[in-house]
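One structure is given below, encoded as structure tokens.
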Amino acid sequence: MGQLTNLLENKQNRLCSVFFSAGFPQLNDTQKIIQDLDANGVDFIEVGLPYSDPMADGETIQYSSAVALKNGINLDLIFEQLKKIKGTVNTPLVLMGYLNQVLKYGEEKFCELCQECGIETVILPDLPMIEYENHYKALFAKYGISNVFLITPQTSDERIHKIDEMTDAFIYVVASSSITGAKGEISQGQIDYFNRIKAMNLKSKLIVGFGISNQSTFDTACEYMNGAIIGSAFINFLREKGTASIDQFVKGIIG
């Protein structure tokens with residue numbers, strides 16, 4: 001059983017994940033950020049693969065990606081950084097990137113290096129379901145990799161049930177029909193959406209992302225879903241304060 005699978009089976013609520021862009025704010029900060037998040041009670045860590053055309057990312061994460069790319073980050077360096085940290089942290093790592101990065105890098109090479117680094121879960125928001133069913137499902141299974149699908153308020157019940165059937169990690173519940181970024185408090189419309197998903201009695205864990213920015217929004221999301229992912233707020237924290245006091249950020253979210 002993989003680390004993330006074990007976590008999801010044994011912790012039912014208030015699962016906290018933090019996203020950051022590898023190579024930001026400085027090229028070699030990746031390891032320290034992961035180690036500090038691991039030491040301060042984060043349940044799993046989402047490592048962003050900086051990309052020049054991040055269609056699902058808002059201004060803040062686009063900024064961090066641009067800085068990381070300017071710093072010289074690339075997939076080879078990211079995998080080297082992750083190899084160095086393998087075995088030194090207990091928190092599961094999830095890679096979040098885009099399909100074109102995988103295609104350009106080489107599908108088999110990408111999967112092989114994920115396996116070498118202990119990466120068991122990936123999020124590729126632009127991976128079409130039909131491509132996953134016809135090709136990537138078997139490829140990922142070969143290397144012990146789980147794929148995470150995203151759902152939005154516009155996703156049909158039929159598609160959600162199909163995603164649930166194909167999920168062996170968690171379903172990423174996009175809190176709003178927009179790009180990533182802090183958006184204030186959770187609205188009644190979002191709560192109605194969460195209730196709709198909750199009422200479907202899906203087998204998969206449900207983790208909310210997009211717009212979770214503080215303890216209030218984290219707590220609200222966790223009233224309806226199994227947990228939440230904080231991204232842009234953490235990027236802004238790193239942008240303002242660097243990597244010296246990551247413990248303060250985590251405590252400010254989960255208490």
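Convention: chains lettered A, B, ... in structure tokens order; per-chain residue numbering from 1; ligands numbered from 1 as shown.
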### Task
Would you return as a ChimeraX atom specification the members of segment 73-179 of chain A that DSSP assigns to alpha helix (DSSP H) on this structure's backbone?
/A:75-85,99-105,107-117,129-131,137-142,157-166
Who sits within 6 Å of Phe170 of chain A, only C-alpha atoms, same chain under 4 positions skipped, as an mmCIF file with N, CA and C atoms, in the first residue's frame:
```cif
data_model
loop_
_atom_site.group_PDB
_atom_site.id
_atom_site.type_symbol
_atom_site.label_atom_id
_atom_site.label_comp_id
_atom_site.auth_asym_id
_atom_site.auth_seq_id
_atom_site.Cartn_x
_atom_site.Cartn_y
_atom_site.Cartn_z
ATOM 1 N N SER A 204 -14.673 7.774 -3.152
ATOM 2 C CA SER A 204 -13.370 8.439 -3.092
ATOM 3 C C SER A 204 -13.356 9.567 -2.074
ATOM 4 N N LYS A 205 -12.160 9.832 -1.522
ATOM 5 C CA LYS A 205 -11.986 11.013 -0.690
ATOM 6 C C LYS A 205 -12.115 12.253 -1.579
ATOM 7 N N LEU A 206 -12.637 13.328 -0.996
ATOM 8 C CA LEU A 206 -12.900 14.570 -1.719
ATOM 9 C C LEU A 206 -12.060 15.681 -1.111
#
```
### Message
I need the residues of segment 82-129 of chain A that end up classed as strand (DSSP E or B) by DSSP on the backbone, written out as a PyMOL selection string.
### Response
chain A and resi 93-96+121-123
### Query
From the list A:Glu131, A:Asp43, A:Glu116, A:Glu158, which residue is nearest Ile207 of chain A when using only C-alpha atoms?
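Checking each of A:Glu131, A:Asp43, A:Glu116, A:Glu158 against Ile207 of chain A, counting only C-alpha atoms, the winner is A:Asp43.
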Can you list every residue of segment 192-215 of chain A that has an atom at most 12 Å from segment 229-250 of chain A, with its nearest atom pair and the distance in Å to one decimal, using only C-alpha atoms, ordered by chain then number, as a Markdown table?
```
| residue | atom | partner | partner_atom | distance |
| --- | --- | --- | --- | --- |
| A:Leu206 | CA | A:Ile229 | CA | 10.7 |
| A:Ile207 | CA | A:Ile229 | CA | 6.9 |
| A:Val208 | CA | A:Ile229 | CA | 6.1 |
| A:Gly209 | CA | A:Ile229 | CA | 4.9 |
| A:Phe210 | CA | A:Ile229 | CA | 7.6 |
| A:Gly211 | CA | A:Ile230 | CA | 7.7 |
| A:Ile212 | CA | A:Ile230 | CA | 5.4 |
| A:Ser213 | CA | A:Ala233 | CA | 5.1 |
| A:Asn214 | CA | A:Ala233 | CA | 7.5 |
| A:Gln215 | CA | A:Val250 | CA | 9.4 |
```
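Remark: for Glu107 of chain A, the closest of the candidate residues A:Leu95, A:Leu139, A:Leu124, A:Ile85 is A:Leu139 (distances computed over only C-alpha atoms).
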### Query
Counting only C-alpha atoms, what is within 8 Å of Ile78 of chain A, bar same-chain residues fewer than 6 positions away, as a VMD selection string?
chain A and resid 22 to 23 49
What does the file look like for those residues with C-alpha atoms, as a PDB file, in the first residue's frame?
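And here is the file that came out, out-v2.pdb:
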```pdb
ATOM      1  CA  ALA A  22       9.350  23.600  -7.375  1.00  0.00           C
ATOM      2  CA  GLY A  23      12.309  25.969  -7.738  1.00  0.00           C
ATOM      3  CA  LEU A  49       5.977  21.476 -12.063  1.00  0.00           C
TER       4      LEU A  49
END
```
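Proximity ranking of A:Cys222, A:Leu93, A:Leu103, A:Ala175 relative to Gln190 of chain A places A:Ala175 first, based on only C-alpha atoms.
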### Message
Just want the 12 Å neighbourhood of segment 159-161 of chain A, counted on only C-alpha atoms, with same-chain residues fewer than 6 positions away dropped. Output as a PyMOL selection string.
### Response
chain A and resi 129-130+149-153+167+171-173+196-198+200-204+206
### Task
For Gln3 of chain A, work out the shell of residues within 12 Å, counting only C-alpha atoms and skipping chain neighbours fewer than 4 positions away, then give it as a list in words.
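My reading of the contact set: Leu7, Leu8, Glu9, Asn10, Asp43, Phe44, Ile45, Gly87, Val89, Asn90, Thr91, Pro92, Leu93, Val94, Gly118, Ile119, Glu120, Thr121, Gly144, Ile145, Ser146 and Ala169 of chain A.
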